[in-house]
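Here the structure is laid out as structure tokens; the discussion comes afterwards.
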Amino acid sequence: MNPAWLHIHDRLLAAFGPQHWWPGDTPFEVMTGAVLTQNTAWGNVEKAIARLKAANALSGRALLDLEPATLADLIRPAGYFNVKTRRLKALCAYLEQEGALDDPVLLAQAAPLPELRRRLLAVNGVGEETADSILLYALDLQVFVVDAYTRRLFTRLGRLRGDERYSEIQAAFTAHLPPDRALYNEYHALIVHLGKEFCRPRPRCGACPLNAQCPVAG
DNA sequence: ACCCAGGGTCATA
DNA sequence: TATGACCATGGG
């Protein structure tokens with residue numbers, strides 16, 4: 001356990017406050033958002049989700065029943081709409097296979113966590129970040145989520161080289177932090193919040209709360 | 001007119 | 001294992 005990794009969380013929490021993630025009303029909305037936000041600005045995802053809600057299509061059954069072209073049109077603002085149509089339907093088909101289509105939280109009982117993660121990764125369009133986001137934010141399971149902001153920030157802070165695999169970065173966090181689902185939830189959300197504002201590919205370290213400990217800022 | 005976003009798949013070497 | 005092409009809308 002390296003206290004520095006927890007201290008960074010504390011700094012972010014002090015600066016930004018609790019994030020109350022995931023921004024979504026139901027586990028199914030969280031899962032849908034996890035797919036729609038792949039390499040896509042969250043604002044565009046919100047538009048797509050609003051359209052799904054307006055069409056009363058934000059449920060596993062409804063989404064499975066939609067024609068691909070209809071679904072693609074509904075999620076158009078989120079980009080990659082043909083790809084994401086296939087991915088959303090694949091995820092719903094998997095939920096149905098596990099008997100969790102009408103109540104997605106039942107997925108948590110389908111298998112132990114490591115096996116459940118493997119099954120999610122076997123679904124077309126579900127990679128490591130998407131799987132872990134579903135596990136943590138839709139199913140409340142203890143999994144640390146790694147994304148591009150996480151890698152970029154901790155590389156700039158000098159805590160990563162930058163060329164580590166996803167699994168290596170995830171292992172570093174779980175090794176350096178106490179095992180706490182609420183902490184994992186808050187930490188990832190805070191990293192994304194910071195990342196959107198300051199830790200872009202082209203650094204915007206104006207009023208970044210981590211400037212004191214970030215070499216990039218100086 | 002650029003750059004970028006809370007990735008993932010597939011073909012190829 | 002590790003690159004590269006591809007997917008597409010919308011805000012800054």
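Naming works like this for the structure tokens: A, B, ... for the chains as they're shown, residue 1 at the start of each chain, ligands 1 onward in shown order.
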Can you write out as a Markdown table which residues of chain A fall within 8 Å of chain C, alongside each residue's closest atom pair and its distance in Å to one decimal, counting only C-alpha atoms (C1' of nucleotides) and ordering rows by chain and ascending residue number?
```
| residue | atom | partner | partner_atom | distance |
| --- | --- | --- | --- | --- |
| A:Asn44 | CA | C:DG10 | C1' | 6.9 |
| A:Arg76 | CA | C:DT9 | C1' | 7.1 |
| A:Pro77 | CA | C:DT9 | C1' | 5.3 |
| A:Ala78 | CA | C:DT9 | C1' | 6.0 |
| A:Gly79 | CA | C:DT9 | C1' | 4.4 |
| A:Tyr80 | CA | C:DA8 | C1' | 4.8 |
| A:Phe81 | CA | C:DA8 | C1' | 7.3 |
| A:Val83 | CA | C:DC7 | C1' | 6.7 |
```
Can those selected residues be exported to a file as a PDB file, in the first residue's frame so that it contains N, CA and C atoms?
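This is the output file result07.pdb:
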```
ATOM      1  N   ASN A  44     -22.711  13.922 -25.813  1.00  0.00           N
ATOM      2  CA  ASN A  44     -23.374  13.248 -26.932  1.00  0.00           C
ATOM      3  C   ASN A  44     -24.120  12.010 -26.456  1.00  0.00           C
ATOM      4  N   ARG A  76     -28.021   8.000 -32.700  1.00  0.00           N
ATOM      5  CA  ARG A  76     -27.172   8.719 -33.644  1.00  0.00           C
ATOM      6  C   ARG A  76     -26.262   9.781 -33.013  1.00  0.00           C
ATOM      7  N   PRO A  77     -26.761  10.606 -32.077  1.00  0.00           N
ATOM      8  CA  PRO A  77     -25.890  11.652 -31.520  1.00  0.00           C
ATOM      9  C   PRO A  77     -24.639  11.105 -30.832  1.00  0.00           C
ATOM     10  N   ALA A  78     -24.648   9.852 -30.405  1.00  0.00           N
ATOM     11  CA  ALA A  78     -23.497   9.290 -29.694  1.00  0.00           C
ATOM     12  C   ALA A  78     -22.390   8.823 -30.649  1.00  0.00           C
ATOM     13  N   GLY A  79     -22.633   8.914 -31.963  1.00  0.00           N
ATOM     14  CA  GLY A  79     -21.593   8.526 -32.908  1.00  0.00           C
ATOM     15  C   GLY A  79     -21.429   7.022 -33.038  1.00  0.00           C
ATOM     16  N   TYR A  80     -20.684   6.565 -34.033  1.00  0.00           N
ATOM     17  CA  TYR A  80     -20.478   5.125 -34.271  1.00  0.00           C
ATOM     18  C   TYR A  80     -21.788   4.370 -34.152  1.00  0.00           C
ATOM     19  N   PHE A  81     -22.887   4.925 -34.678  1.00  0.00           N
ATOM     20  CA  PHE A  81     -24.199   4.381 -34.319  1.00  0.00           C
ATOM     21  C   PHE A  81     -24.464   2.987 -34.854  1.00  0.00           C
ATOM     22  N   VAL A  83     -22.069   0.583 -35.271  1.00  0.00           N
ATOM     23  CA  VAL A  83     -21.277  -0.283 -34.395  1.00  0.00           C
ATOM     24  C   VAL A  83     -21.961  -0.445 -33.036  1.00  0.00           C
TER      25      VAL A  83
END
```
As a tab-separated table (two decimals) with C-alpha atoms, in the first residue's frame, could you give me every residue of chain A near chain B (at most 8 Å apart, counting only C-alpha atoms (C1' of nucleotides))?
```
chain	number	residue	atom	x	y	z
A	37	THR	CA	-19.57	6.54	-24.22
A	38	GLN	CA	-16.83	4.51	-25.91
A	39	ASN	CA	-14.44	7.08	-27.35
A	40	THR	CA	-17.29	9.59	-27.25
A	41	ALA	CA	-17.97	12.82	-25.36
A	42	TRP	CA	-20.48	12.31	-22.55
A	125	GLY	CA	-18.14	-4.64	-28.04
A	126	VAL	CA	-17.35	-5.11	-24.36
A	127	GLY	CA	-13.67	-4.51	-23.64
A	129	GLU	CA	-13.06	-0.62	-19.42
A	130	THR	CA	-16.65	-1.24	-20.48
A	147	ASP	CA	-9.49	4.71	-18.65
A	148	ALA	CA	-7.44	7.01	-20.85
A	149	TYR	CA	-7.55	9.81	-18.25
A	192	VAL	CA	-12.58	11.64	-15.15
```
- request: Mind giving me the straight-line distance from CA of Val145 (chain A) to CA of Asp132 (chain A) in Å, one decimal?
  value: 5.6 Å
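CA of Val30 (chain A) is positioned 20.6 Å from CA of Pro112 (chain A).
Counting from CA of Val35 (chain A), the distance to CA of Tyr184 (chain A) is 19.9 Å.
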task: Mind the document's chain letters and residue numbers, and return as JSON, numbers by chain the residues of region 27-210 of chain A that DSSP labels helix (DSSP H, G or I).
output: {"A": [27, 28, 29, 30, 31, 32, 33, 34, 35, 36, 42, 43, 44, 45, 46, 47, 48, 49, 50, 51, 52, 53, 54, 60, 61, 62, 63, 64, 65, 68, 69, 70, 71, 72, 73, 74, 76, 77, 78, 81, 82, 83, 84, 85, 86, 87, 88, 89, 90, 91, 92, 93, 94, 95, 96, 97, 104, 105, 106, 107, 108, 109, 113, 114, 115, 116, 117, 118, 119, 120, 121, 128, 129, 130, 131, 132, 133, 134, 135, 136, 137, 138, 148, 149, 150, 151, 152, 153, 154, 155, 156, 166, 167, 168, 169, 170, 171, 172, 173, 174, 175, 176, 181, 182, 183, 184, 185, 186, 187, 188, 189, 190, 191, 192, 193, 194, 195, 196, 197]}
- request: Do a neighbour search on Leu95 (chain A) at 9 Å with only C-alpha atoms (C1' of nucleotides), toss out local chain neighbours closer than 5 positions, and write the hits as a list in words.
  value: Gly60, Ala90, Ala100, Leu101, Asp102, Asp103, Pro104 and Leu107 of chain A
Could those selected residues go to a file with C-alpha atoms, as a short mmCIF file (atom, residue, chain, number, x, y, z; two decimals), in the first residue's frame?
```
data_model
loop_
_atom_site.label_atom_id
_atom_site.label_comp_id
_atom_site.auth_asym_id
_atom_site.auth_seq_id
_atom_site.Cartn_x
_atom_site.Cartn_y
_atom_site.Cartn_z
CA GLY A 60 -33.50 -4.73 -22.41
CA ALA A 90 -25.14 -8.12 -28.18
CA ALA A 100 -31.16 -10.98 -16.42
CA LEU A 101 -32.85 -9.09 -19.24
CA ASP A 102 -35.76 -7.79 -17.17
CA ASP A 103 -33.65 -7.24 -14.05
CA PRO A 104 -30.00 -6.57 -14.99
CA LEU A 107 -26.32 -10.55 -13.52
#
```
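Comparing the minimum interatomic distances between Gly33 (chain A) and each of A:Leu120, A:Leu66, A:Cys205, A:Leu91, counting only C-alpha atoms, we find that A:Leu91 sits nearest.
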